[in-house]
Every structure is written in structure tokens, then in C-alpha cells.
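This is start-v4.tsv (TSV, C-alpha atoms and all ligand atoms).
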chain	number	residue	atom	x	y	z
A	1	MET	CA	0.96	9.42	-55.37
A	2	ILE	CA	2.73	6.68	-53.48
A	3	ALA	CA	0.90	3.36	-53.44
A	4	GLY	CA	1.82	0.64	-51.02
A	5	ARG	CA	1.31	-3.07	-50.67
A	6	ALA	CA	2.44	-5.49	-48.01
A	7	VAL	CA	3.02	-9.20	-47.66
A	8	LEU	CA	3.44	-11.39	-44.57
A	9	ILE	CA	6.08	-14.10	-44.49
A	10	LYS	CA	6.04	-16.72	-41.77
A	11	LEU	CA	9.44	-17.13	-40.14
A	12	PRO	CA	10.82	-20.54	-39.14
A	13	ARG	CA	10.12	-20.95	-35.43
A	14	ASP	CA	13.19	-23.07	-34.79
A	15	LYS	CA	15.45	-20.29	-36.06
A	16	CYS	CA	13.60	-17.42	-34.39
A	17	ASP	CA	13.47	-16.73	-30.68
A	18	VAL	CA	9.90	-15.71	-29.95
A	19	ASP	CA	10.81	-14.21	-26.57
A	20	TYR	CA	13.46	-12.00	-28.17
A	21	ILE	CA	10.95	-10.76	-30.76
A	22	LYS	CA	8.54	-10.02	-27.88
A	23	ARG	CA	11.21	-7.84	-26.30
A	24	LEU	CA	11.84	-6.05	-29.59
A	25	MET	CA	8.11	-5.37	-29.87
A	26	ALA	CA	7.96	-3.99	-26.32
A	27	LEU	CA	10.89	-1.70	-27.09
A	28	THR	CA	9.17	-0.50	-30.26
A	29	ASN	CA	6.09	0.37	-28.22
A	30	LEU	CA	8.24	2.62	-26.03
A	31	VAL	CA	9.83	4.28	-29.05
A	32	TYR	CA	6.41	5.11	-30.48
A	33	ARG	CA	5.60	6.76	-27.16
A	34	GLY	CA	8.69	8.94	-27.41
A	35	TYR	CA	10.94	7.10	-24.95
A	36	GLU	CA	14.52	6.12	-25.48
A	37	VAL	CA	15.58	3.05	-23.54
A	38	TRP	CA	18.97	1.45	-24.05
A	39	VAL	CA	18.65	-2.18	-23.08
A	40	PRO	CA	22.10	-3.38	-21.94
A	41	ASP	CA	21.87	-6.94	-23.29
A	42	MET	CA	20.56	-6.10	-26.75
A	43	PRO	CA	22.68	-5.39	-29.83
A	44	ARG	CA	23.37	-1.66	-30.15
A	45	THR	CA	22.93	-1.82	-33.91
A	46	ILE	CA	19.30	-2.88	-33.51
A	47	GLU	CA	18.59	-0.15	-30.99
A	48	HIS	CA	20.30	2.43	-33.21
A	49	GLN	CA	18.20	1.47	-36.21
A	50	LEU	CA	15.02	1.63	-34.13
A	51	TYR	CA	15.81	5.07	-32.71
A	52	GLY	CA	16.74	6.17	-36.22
A	53	PHE	CA	13.08	5.75	-37.09
A	54	ARG	CA	12.00	8.21	-34.45
A	55	ASP	CA	13.17	11.27	-36.32
A	56	PHE	CA	11.64	9.86	-39.41
A	57	LYS	CA	7.99	10.77	-39.62
A	58	GLU	CA	7.24	8.35	-42.38
A	59	SER	CA	7.98	5.42	-40.11
A	60	LEU	CA	4.62	5.96	-38.49
A	61	VAL	CA	3.01	4.52	-41.59
A	62	PHE	CA	3.94	1.21	-40.01
A	63	GLY	CA	0.92	0.10	-38.12
A	64	VAL	CA	-0.70	2.42	-35.67
A	65	THR	CA	0.51	4.05	-32.49
A	66	PRO	CA	-0.13	1.46	-29.79
A	67	LYS	CA	-3.24	2.20	-27.78
A	68	ARG	CA	-2.04	0.57	-24.58
A	69	TRP	CA	1.17	0.46	-22.67
A	70	PHE	CA	3.00	-2.80	-23.31
A	71	ALA	CA	0.84	-3.59	-26.32
A	72	ARG	CA	2.94	-5.51	-28.80
A	73	THR	CA	4.05	-3.24	-31.61
A	74	TRP	CA	5.70	-4.55	-34.76
A	75	MET	CA	9.24	-3.37	-35.12
A	76	PRO	CA	10.04	-1.34	-38.26
A	77	LEU	CA	13.21	-2.42	-40.06
A	78	LYS	CA	15.23	-0.82	-42.82
A	79	THR	CA	16.24	-2.85	-45.82
A	80	LEU	CA	19.27	-3.08	-48.05
A	81	ARG	CA	18.51	-4.10	-51.63
A	82	VAL	CA	21.25	-5.88	-53.56
A	83	TYR	CA	20.31	-6.10	-57.23
A	84	GLY	CA	21.32	-8.55	-59.91
A	85	ASP	CA	24.01	-6.23	-61.32
A	86	GLY	CA	25.58	-5.86	-57.88
A	87	SER	CA	24.30	-2.34	-57.29
A	88	MET	CA	22.91	-1.58	-53.86
A	89	LYS	CA	20.25	0.65	-52.43
A	90	GLY	CA	19.53	1.39	-48.80
A	91	ASP	CA	21.35	1.27	-45.49
A	92	ARG	CA	24.42	-1.00	-45.54
A	93	LYS	CA	23.79	-1.96	-41.94
A	94	ALA	CA	20.07	-2.62	-42.40
A	95	PRO	CA	18.78	-5.69	-40.54
A	96	VAL	CA	16.93	-6.92	-43.65
A	97	VAL	CA	18.89	-7.66	-46.82
A	98	LEU	CA	16.97	-8.40	-50.01
A	99	ASP	CA	19.56	-10.15	-52.10
A	100	PHE	CA	18.30	-10.54	-55.67
A	101	ARG	CA	21.53	-12.15	-56.81
A	102	GLY	CA	21.21	-15.06	-54.44
A	103	SER	CA	17.39	-14.89	-54.40
A	104	VAL	CA	17.37	-14.78	-50.61
A	105	ILE	CA	16.31	-12.51	-47.78
A	106	ARG	CA	18.81	-12.27	-44.93
A	107	LEU	CA	17.64	-11.20	-41.48
A	108	ARG	CA	20.39	-9.93	-39.25
A	109	GLN	CA	20.16	-9.66	-35.47
A	110	VAL	CA	16.39	-9.68	-35.27
A	111	CYS	CA	15.69	-13.37	-34.85
A	112	LYS	CA	17.95	-14.16	-31.92
A	113	ASN	CA	19.80	-12.08	-29.36
A	114	GLU	CA	23.17	-13.39	-30.45
A	115	SER	CA	25.98	-11.35	-31.93
A	116	GLY	CA	26.15	-11.81	-35.71
A	117	TYR	CA	23.16	-14.14	-35.81
A	118	SER	CA	21.45	-14.14	-39.17
A	119	ILE	CA	19.02	-16.36	-41.04
A	120	GLU	CA	18.20	-16.75	-44.72
A	121	LEU	CA	14.82	-17.13	-46.34
A	122	PRO	CA	14.02	-17.83	-49.98
A	123	MET	CA	13.04	-14.67	-51.87
A	124	PRO	CA	9.23	-14.71	-52.32
A	125	SER	CA	8.05	-14.26	-55.91
A	126	TRP	CA	5.78	-11.50	-54.54
A	127	VAL	CA	8.87	-9.31	-54.02
A	128	VAL	CA	10.27	-10.03	-57.48
A	129	ASP	CA	6.88	-9.17	-59.04
A	130	ARG	CA	6.60	-5.85	-57.17
A	131	ILE	CA	10.14	-4.85	-58.16
A	132	ARG	CA	9.41	-5.74	-61.78
A	133	GLU	CA	6.37	-3.44	-61.60
A	134	GLY	CA	8.60	-0.56	-60.60
A	135	GLY	CA	8.15	-0.83	-56.85
A	136	ASP	CA	10.75	-0.78	-54.12
A	137	VAL	CA	10.83	-2.52	-50.74
A	138	ARG	CA	12.44	0.04	-48.47
A	139	PHE	CA	10.96	-1.20	-45.22
A	140	ALA	CA	9.99	-4.33	-43.41
A	141	MET	CA	8.55	-5.17	-40.02
A	142	ILE	CA	9.05	-8.05	-37.64
A	143	GLY	CA	6.52	-9.18	-35.09
A	144	LEU	CA	4.31	-11.92	-33.74
A	145	ARG	CA	0.86	-12.93	-34.81
A	146	ASP	CA	-0.87	-15.67	-32.81
A	147	ASN	CA	2.50	-16.09	-31.13
A	148	GLU	CA	4.17	-17.03	-34.42
A	149	PRO	CA	7.04	-14.94	-35.81
A	150	TYR	CA	6.43	-13.09	-39.09
A	151	LEU	CA	8.25	-10.71	-41.37
A	152	ALA	CA	6.14	-8.12	-43.20
A	153	LEU	CA	7.54	-6.54	-46.33
A	154	VAL	CA	6.23	-3.17	-47.46
A	155	ALA	CA	6.48	-2.36	-51.17
A	156	GLU	CA	6.03	1.20	-52.39
A	157	ARG	CA	5.55	2.56	-55.86
A	158	VAL	CA	5.14	6.05	-57.23
A	159	VAL	CA	2.17	5.94	-59.54
A	160	GLU	CA	-0.25	8.33	-61.22
A	161	PRO	CA	-3.76	7.09	-62.01
A	162	TYR	CA	-4.31	6.77	-65.77
A	163	VAL	CA	-6.92	8.67	-67.76
A	164	PRO	CA	-9.85	6.26	-68.22
A	165	SER	CA	-10.72	5.13	-71.74
A	166	GLY	CA	-14.49	5.43	-71.28
A	167	TYR	CA	-14.94	1.88	-70.05
A	168	ARG	CA	-16.32	1.45	-66.56
A	169	LEU	CA	-15.91	-1.59	-64.36
A	170	VAL	CA	-18.66	-1.72	-61.77
A	171	VAL	CA	-18.05	-3.81	-58.66
A	172	ASP	CA	-21.08	-4.40	-56.49
A	173	VAL	CA	-19.94	-5.74	-53.17
A	174	ASN	CA	-22.39	-7.76	-51.14
A	175	VAL	CA	-21.48	-9.92	-48.24
A	176	TRP	CA	-20.11	-13.28	-49.40
A	177	SER	CA	-23.39	-15.15	-49.11
A	178	ASN	CA	-24.66	-13.14	-52.07
A	179	GLY	CA	-21.22	-12.62	-53.48
A	180	VAL	CA	-19.69	-9.85	-55.46
A	181	ALA	CA	-21.03	-8.96	-58.87
A	182	TYR	CA	-19.11	-7.10	-61.51
A	183	GLY	CA	-20.14	-5.59	-64.79
A	184	ILE	CA	-18.41	-3.80	-67.61
A	185	VAL	CA	-20.08	-0.76	-69.12
A	186	ASN	CA	-18.53	0.11	-72.49
A	187	PRO	CA	-17.98	3.63	-73.88
A	188	SER	CA	-21.34	3.50	-75.70
A	189	ASN	CA	-23.04	2.84	-72.35
A	190	ARG	CA	-23.93	-0.79	-72.84
A	191	ILE	CA	-23.46	-3.53	-70.25
A	192	ALA	CA	-20.85	-5.54	-72.14
A	193	GLU	CA	-20.18	-8.17	-69.52
A	194	TYR	CA	-21.80	-9.13	-66.27
A	195	SER	CA	-21.08	-11.85	-63.80
A	196	PRO	CA	-21.61	-12.63	-60.14
A	197	LEU	CA	-18.60	-14.01	-58.28
A	198	ARG	CA	-19.69	-16.42	-55.63
A	199	PRO	CA	-17.62	-18.66	-53.40
A	200	ASN	CA	-18.72	-22.25	-52.80
A	201	LEU	CA	-21.15	-21.56	-49.97
A	202	ARG	CA	-22.10	-25.18	-49.45
A	203	LEU	CA	-18.49	-26.01	-48.65
A	204	ILE	CA	-18.24	-23.17	-46.12
A	205	ASP	CA	-21.56	-24.16	-44.59
A	206	THR	CA	-20.42	-27.75	-44.16
A	207	TRP	CA	-17.17	-26.74	-42.43
A	208	TYR	CA	-18.88	-24.17	-40.26
A	209	HIS	CA	-21.64	-26.46	-39.04
A	210	LYS	CA	-19.21	-29.28	-38.42
A	211	ALA	CA	-17.14	-26.93	-36.25
A	212	GLU	CA	-20.30	-25.84	-34.40
A	213	LYS	CA	-21.28	-29.44	-33.74
A	214	LEU	CA	-17.84	-30.28	-32.37
A	215	SER	CA	-17.93	-27.11	-30.22
A	216	LYS	CA	-21.12	-28.34	-28.60
A	217	GLU	CA	-19.51	-31.70	-27.88
A	218	LEU	CA	-16.51	-29.95	-26.39
A	219	GLY	CA	-18.83	-27.81	-24.24
A	220	LYS	CA	-20.43	-30.98	-22.89
A	221	LEU	CA	-17.04	-32.45	-21.99
A	222	LYS	CA	-16.04	-29.21	-20.27
A	223	ARG	CA	-19.21	-29.17	-18.17
A	224	LEU	CA	-18.39	-32.71	-17.07
A	225	GLY	CA	-14.95	-31.53	-16.00
A	226	LEU	CA	-13.25	-33.38	-18.86
A	227	GLY	CA	-11.98	-30.25	-20.59
A	228	SER	CA	-8.30	-31.19	-20.38
A	229	THR	CA	-8.51	-34.83	-21.45
A	230	PRO	CA	-6.73	-35.91	-24.66
A	231	GLY	CA	-10.15	-36.40	-26.28
A	232	ALA	CA	-11.17	-32.80	-25.54
A	233	LYS	CA	-7.85	-31.49	-26.80
A	234	ARG	CA	-8.24	-33.43	-30.02
A	235	LEU	CA	-11.73	-31.96	-30.47
A	236	TRP	CA	-10.37	-28.44	-29.94
A	237	ARG	CA	-7.67	-28.99	-32.56
A	238	GLU	CA	-10.27	-30.25	-35.01
A	239	ILE	CA	-12.48	-27.20	-34.40
A	240	LYS	CA	-9.58	-24.81	-34.91
A	241	ALA	CA	-8.56	-26.56	-38.12
A	242	LEU	CA	-12.11	-26.30	-39.51
A	243	ARG	CA	-12.35	-22.58	-38.69
A	244	ARG	CA	-8.97	-21.96	-40.28
A	245	LYS	CA	-10.19	-23.76	-43.38
A	246	VAL	CA	-13.17	-21.40	-43.74
A	247	TYR	CA	-10.91	-18.33	-43.45
A	248	ALA	CA	-8.24	-19.73	-45.74
A	249	TYR	CA	-10.81	-20.61	-48.39
A	250	LEU	CA	-12.48	-17.17	-48.34
A	251	ARG	CA	-9.12	-15.41	-48.35
A	252	ASP	CA	-7.87	-17.37	-51.29
A	253	PHE	CA	-11.13	-16.72	-53.13
A	254	ALA	CA	-10.92	-12.96	-52.47
A	255	GLN	CA	-7.26	-12.82	-53.51
A	256	LYS	CA	-7.95	-14.52	-56.85
A	257	ARG	CA	-11.08	-12.52	-57.67
A	258	VAL	CA	-9.44	-9.19	-56.78
A	259	HIS	CA	-6.51	-10.01	-59.03
A	260	GLU	CA	-8.85	-10.88	-61.92
A	261	LEU	CA	-10.89	-7.69	-61.49
A	262	VAL	CA	-7.84	-5.44	-61.31
A	263	MET	CA	-6.31	-7.06	-64.41
A	264	LYS	CA	-9.61	-6.60	-66.29
A	265	ALA	CA	-9.69	-2.90	-65.35
A	266	LEU	CA	-6.05	-2.47	-66.41
A	267	ARG	CA	-6.59	-4.14	-69.79
A	268	LEU	CA	-9.55	-1.87	-70.60
A	269	ARG	CA	-8.07	1.20	-68.87
A	270	ALA	CA	-11.41	1.35	-67.16
A	271	GLU	CA	-12.55	3.54	-64.33
A	272	VAL	CA	-13.74	1.40	-61.41
A	273	LEU	CA	-16.95	2.15	-59.53
A	274	ILE	CA	-17.37	0.34	-56.25
A	275	ASP	CA	-20.64	0.06	-54.44
A	276	ASP	CA	-19.83	-1.30	-51.07
A	277	MET	CA	-23.04	-1.66	-49.14
A	278	ILE	CA	-21.83	-3.79	-46.32
A	279	GLU	CA	-24.39	-2.39	-43.89
A	280	GLU	CA	-27.33	-3.09	-46.16
A	281	SER	CA	-26.01	-6.60	-46.71
A	282	ARG	CA	-25.62	-7.11	-42.98
A	283	ARG	CA	-29.35	-6.64	-42.60
A	284	GLU	CA	-29.91	-9.03	-45.47
A	285	LEU	CA	-27.79	-11.64	-43.72
A	286	ILE	CA	-29.89	-11.30	-40.56
A	287	GLU	CA	-33.07	-11.65	-42.63
A	288	GLU	CA	-31.68	-14.75	-44.31
A	289	LYS	CA	-31.12	-16.26	-40.83
A	290	ILE	CA	-27.43	-16.90	-41.34
A	291	PRO	CA	-25.94	-17.88	-37.94
A	292	ARG	CA	-24.18	-15.11	-36.06
A	293	GLY	CA	-20.72	-16.67	-36.16
A	294	LEU	CA	-20.83	-17.17	-39.90
A	295	ARG	CA	-22.24	-13.69	-40.41
A	296	LYS	CA	-19.21	-12.25	-38.65
A	297	VAL	CA	-16.85	-14.24	-40.85
A	298	TYR	CA	-18.65	-13.11	-44.02
A	299	LEU	CA	-18.64	-9.46	-42.98
A	300	ALA	CA	-14.99	-9.44	-41.95
A	301	GLU	CA	-13.86	-11.19	-45.13
A	302	THR	CA	-15.97	-8.87	-47.29
A	303	ARG	CA	-14.33	-5.82	-45.72
A	304	ARG	CA	-10.98	-7.45	-46.39
A	305	PHE	CA	-11.99	-7.95	-50.03
A	306	VAL	CA	-12.73	-4.22	-50.43
A	307	LYS	CA	-9.44	-3.30	-48.76
A	308	LEU	CA	-7.53	-5.72	-50.99
A	309	LEU	CA	-9.28	-4.35	-54.07
A	310	THR	CA	-8.57	-0.67	-53.35
A	311	THR	CA	-4.95	-1.42	-52.38
A	312	GLN	CA	-4.33	-3.15	-55.69
A	313	LEU	CA	-6.22	-0.54	-57.73
A	314	ARG	CA	-4.02	2.15	-56.22
A	315	TRP	CA	-0.91	0.09	-56.84
A	316	TYR	CA	-1.64	-0.23	-60.55
A	317	GLY	CA	-2.87	3.37	-60.90
A	318	VAL	CA	-6.45	2.42	-61.71
A	319	PRO	CA	-8.79	5.34	-60.96
A	320	TYR	CA	-11.68	4.29	-58.73
A	321	GLU	CA	-14.57	5.80	-56.89
A	322	PHE	CA	-17.09	4.64	-54.31
A	323	LYS	CA	-20.58	5.19	-55.61
A	324	ARG	CA	-23.95	4.32	-54.24
A	325	LEU	CA	-25.72	2.16	-56.82
A	326	PRO	CA	-28.86	0.98	-54.99
A	327	SER	CA	-30.28	-2.38	-55.96
A	328	THR	CA	-33.72	-1.68	-54.48
A	329	ILE	CA	-34.53	1.54	-56.36
A	330	CYS	CA	-35.46	1.67	-60.04
A	331	PRO	CA	-32.60	3.17	-62.08
A	332	VAL	CA	-35.11	4.40	-64.71
A	333	CYS	CA	-37.84	6.13	-62.69
A	334	HIS	CA	-36.45	5.96	-59.12
A	335	HIS	CA	-39.54	4.08	-57.92
A	336	LYS	CA	-39.02	1.42	-55.23
A	337	LEU	CA	-38.34	-2.03	-56.71
A	338	THR	CA	-40.12	-5.20	-55.62
A	339	GLN	CA	-38.18	-8.40	-55.20
A	340	GLU	CA	-39.60	-11.48	-56.87
A	341	GLU	CA	-38.62	-15.13	-56.70
A	342	GLY	CA	-34.93	-15.78	-57.50
A	343	ARG	CA	-33.76	-12.28	-56.54
A	344	ILE	CA	-35.39	-10.68	-59.59
A	345	MET	CA	-36.20	-7.00	-59.09
A	346	VAL	CA	-39.27	-5.50	-60.76
A	347	CYS	CA	-40.50	-1.91	-61.02
A	348	GLU	CA	-44.28	-1.68	-60.80
A	349	ASN	CA	-44.18	1.87	-62.10
A	350	CYS	CA	-42.26	1.56	-65.39
A	351	GLY	CA	-41.83	-2.19	-65.87
A	352	PHE	CA	-38.05	-2.30	-65.40
A	353	LYS	CA	-36.89	-5.83	-64.57
A	354	ALA	CA	-33.42	-7.19	-63.74
A	355	PRO	CA	-31.64	-9.65	-61.45
A	356	ARG	CA	-30.92	-7.93	-58.14
A	357	ASP	CA	-27.12	-8.00	-58.60
A	358	LYS	CA	-27.42	-6.48	-62.06
A	359	VAL	CA	-29.42	-3.41	-60.97
A	360	PRO	CA	-26.23	-1.50	-59.96
A	361	MET	CA	-24.89	-1.95	-63.50
A	362	HIS	CA	-28.05	-0.31	-64.85
A	363	TRP	CA	-27.41	2.58	-62.48
A	364	ALA	CA	-23.85	2.88	-63.77
A	365	VAL	CA	-25.14	3.08	-67.35
A	366	ARG	CA	-27.32	6.05	-66.41
A	367	LEU	CA	-24.71	7.94	-64.41
B	401	ZN	ZN	-39.14	2.22	-62.76
Represent the structure contained in this file as C-alpha cells.
Ligand SMILES: [Zn+2]
Amino acid sequence: MIAGRAVLIKLPRDKCDVDYIKRLMALTNLVYRGYEVWVPDMPRTIEHQLYGFRDFKESLVFGVTPKRWFARTWMPLKTLRVYGDGSMKGDRKAPVVLDFRGSVIRLRQVCKNESGYSIELPMPSWVVDRIREGGDVRFAMIGLRDNEPYLALVAERVVEPYVPSGYRLVVDVNVWSNGVAYGIVNPSNRIAEYSPLRPNLRLIDTWYHKAEKLSKELGKLKRLGLGSTPGAKRLWREIKALRRKVYAYLRDFAQKRVHELVMKALRLRAEVLIDDMIEESRRELIEEKIPRGLRKVYLAETRRFVKLLTTQLRWYGVPYEFKRLPSTICPVCHHKLTQEEGRIMVCENCGFKAPRDKVPMHWAVRL
């Protein structure tokens, strides 16, 4: 099984011509559609490497086939790896050179339409870590996101999932407002560890409501025809910064928690069971009267968490399975559970009682 992981690296805007990258992306779109266009004022080497991908089915793992004509499609790039001992792997003429001797990444001909133009970036520790784990970075992509130039590196690793030791790591994914809970079930079927992982919701709430308040003020200015005044522009910048903060915080939180969970599973050679009930949680969010905008953020970031988790589990060869572990049905007698104060679930039939987030662990024990 080949597992893959990717990382995005922001490219310096002053050294990268955004319009040129736009043209490369347009050309890539055509290639995906089966066309061959030789643009007279573009380096032949770049066009050759792009058309080289056409006969190469695997290249389609990069992104998806563009849905629309002229949609911007990230350009796939080959890489040359130069290792510490001087040995090399890959295409000598590749536009991306990962130089482990100099600890730099060199980009040739893809940042500016100028013969021989190349830029250097410091080698991210992410790449060094993936190589150390037995991975290889054979491909990269260049493209724009929010009109900013980025390089994406794709690491691949051949890995076979290990045989689980009898430990199970249960991950119960709720939308961020209720957090993610994890539990460890040991080989003798006991819940050995249990903990909810919750981001600082008060902080997110504060940022979100502040952004909402400023949006209303901006709306007022716009209705008065003052939408392009310096004051309005400053407001808009403030709103954007606050929204970015919410995303950045949740992303960082997800990244750290995923890493911790995967390392825990690896240490115990556990099998991972994931209950991802995003739909059920969506209803819960509506019931809890969380504002629509914030609900969307929570849902999107929760999906990202699950994606991040499965990507990393595959990368490290941790066997995992999606399993329905309902938190509203009694794991002992399958009677419906009643929710009491403080998210405590009680079974009126057999007397089972547990915090709502812990019910899935009790299901895992009885699997
Ligand atoms: Zn019961």
C-alpha cells in the first residue's frame, strides 16, 4: 500500500511572478483535458515536463480533473532528490530540486518566465522527517491559493499496516463544540484511558462575535455609500484577520491532537476505531443554537480533522476502521438512553450510566 502526505509551502511573492503561474495553471488545465498546446514564449523544458505527465497515469493523483474550462489547475512537477552522500534520484532536469546537502529546495523555471531563473527556499523540516520515515518526495505542484503562490510537496511511502496488539484506540469525533473524545481499550477489554479533547471555545466565540459585530458596522457604512473609505477598508482588514485567527487556531489544534493520537496508537500498536458522526453532530449544533457561520467553520474543520487523522494513520501503517458507536443507545441492553444534566447518559432499562462522550468507548469494549 502506498500512503501519501502533502505539505503546502508559501512562496515569496517578490520572487514569483503570479501571472506566469496563472499561465502555467491554465496550460495544465488544457493538458488534463487531453490537449497539447505549445506556447511560443514559454520555456520548452517546462512544457516538455508537463506533457511528460500526460502518458503517466499516476499524475492524475494530483488534484482532480478540472470541472470547468479555464479553471486554475495546479501544475504537477517532477523532483530531483540530491542526498547527503551525493547520490541522486529522479529526473536531472526536474524543475524542483530537493538538495539535502545544502538543505535547500531549488525551483527552476516555474517562478518567472525567464531563461535560467531559479529560486531557493530553505528545506522544511517536514520533508526531512518524511524522508527519515522512509518516504520519498517524487512530485510537487505549483499553484495559487487566494492569489498567493504556493509549492505543494507530495511524500509517498510504501507501508503495510501492522498486526494490532489487542489494544484499541477509539476516537469519537463530534463537531468541535463538543470536541473529540478518545479512549484506550486494553487487551483485557477495560477502558484504560479516556479523555475529551476540546479546543478553547470561549476564545473562538470571542473572535467570531467580534468579527460579526464589525461586519455589521461595515454593512452600515456600505449602505451609507461609505464602503470604499479608509475606515471601511480598515474594518474589512480587521474582520478578515479575526476570521483567519479562528481557522488558524482550529487547524493548529487539530494538527497537534492528530499527531498525539497517531503516536499513541503507534506506541501501543493499537487498532483505531473512528466514529465520525458529523451529521448527528450537525443536528446537535443546530439544537444548541450555534450561529450558522460558526457552525460551518466547526463542521469544515471537523471534516479536516478526520481527513488529517486517516492520512497520518495510513502513513504510519496503523490499521483503522470506521465504526458506528452510538452515544444515544445503551451499549448493554440497546435501550434508548436519556440525557441528563451535564451530558450524562442514563439507561432507564438496565441502569447503565456514563458521560455522553464515553458511551462509544463502552460500545468498543463490547464489540
Ligand atoms: Zn441499558
### Message
Excluding Lys15 (chain A) and its own-chain neighbours fewer than 6 positions away, which residues fall within 10 Å of it when counting all atoms listed in the file? Please give them as a VMD selection string.
### Response
chain A and resid 111 to 112 117 to 120 149
Scan for residues within 12 Å of the point (-18.7, -29.7, -35.3) in the coordinates of the file, using all atoms listed in the file, and reply as a PDB file with C-alpha atoms, in the coordinates of the input.
ATOM      1  CA  ASP A 205     -21.560 -24.160 -44.590  1.00  0.00           C
ATOM      2  CA  THR A 206     -20.420 -27.750 -44.160  1.00  0.00           C
ATOM      3  CA  TRP A 207     -17.170 -26.740 -42.430  1.00  0.00           C
ATOM      4  CA  TYR A 208     -18.880 -24.170 -40.260  1.00  0.00           C
ATOM      5  CA  HIS A 209     -21.640 -26.460 -39.040  1.00  0.00           C
ATOM      6  CA  LYS A 210     -19.210 -29.280 -38.420  1.00  0.00           C
ATOM      7  CA  ALA A 211     -17.140 -26.930 -36.250  1.00  0.00           C
ATOM      8  CA  GLU A 212     -20.300 -25.840 -34.400  1.00  0.00           C
ATOM      9  CA  LYS A 213     -21.280 -29.440 -33.740  1.00  0.00           C
ATOM     10  CA  LEU A 214     -17.840 -30.280 -32.370  1.00  0.00           C
ATOM     11  CA  SER A 215     -17.930 -27.110 -30.220  1.00  0.00           C
ATOM     12  CA  LYS A 216     -21.120 -28.340 -28.600  1.00  0.00           C
ATOM     13  CA  GLU A 217     -19.510 -31.700 -27.880  1.00  0.00           C
ATOM     14  CA  LEU A 218     -16.510 -29.950 -26.390  1.00  0.00           C
ATOM     15  CA  GLY A 219     -18.830 -27.810 -24.240  1.00  0.00           C
ATOM     16  CA  LEU A 235     -11.730 -31.960 -30.470  1.00  0.00           C
ATOM     17  CA  TRP A 236     -10.370 -28.440 -29.940  1.00  0.00           C
ATOM     18  CA  ARG A 237      -7.670 -28.990 -32.560  1.00  0.00           C
ATOM     19  CA  GLU A 238     -10.270 -30.250 -35.010  1.00  0.00           C
ATOM     20  CA  ILE A 239     -12.480 -27.200 -34.400  1.00  0.00           C
ATOM     21  CA  LYS A 240      -9.580 -24.810 -34.910  1.00  0.00           C
ATOM     22  CA  ALA A 241      -8.560 -26.560 -38.120  1.00  0.00           C
ATOM     23  CA  LEU A 242     -12.110 -26.300 -39.510  1.00  0.00           C
ATOM     24  CA  ARG A 243     -12.350 -22.580 -38.690  1.00  0.00           C
TER      25      ARG A 243
END
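Straight-line separation from CA of Asn147 (chain A) to CA of Asp17 (chain A): 11.0 Å.
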### Message
Could you list, as a ChimeraX atom specification, all protein and nucleic acid residues with an atom at most 8 Å from ligand ZN 401 (chain B), counting only C-alpha atoms and all ligand atoms?
### Response
/A:329-337,346-352
Dump as a tab-separated table (two decimals), in the frame of the given file, selection limited to C-alpha atoms:
chain	number	residue	atom	x	y	z
A	329	ILE	CA	-34.53	1.54	-56.36
A	330	CYS	CA	-35.46	1.67	-60.04
A	331	PRO	CA	-32.60	3.17	-62.08
A	332	VAL	CA	-35.11	4.40	-64.71
A	333	CYS	CA	-37.84	6.13	-62.69
A	334	HIS	CA	-36.45	5.96	-59.12
A	335	HIS	CA	-39.54	4.08	-57.92
A	336	LYS	CA	-39.02	1.42	-55.23
A	337	LEU	CA	-38.34	-2.03	-56.71
A	346	VAL	CA	-39.27	-5.50	-60.76
A	347	CYS	CA	-40.50	-1.91	-61.02
A	348	GLU	CA	-44.28	-1.68	-60.80
A	349	ASN	CA	-44.18	1.87	-62.10
A	350	CYS	CA	-42.26	1.56	-65.39
A	351	GLY	CA	-41.83	-2.19	-65.87
A	352	PHE	CA	-38.05	-2.30	-65.40
### Polymer residues at most 7 Å from region 303-313 of chain A, all atoms listed in the file, same-chain spacing of 3 or more positions, as JSON, numbers by chain
{"A": [5, 254, 258, 262, 299, 300, 316, 317, 318]}
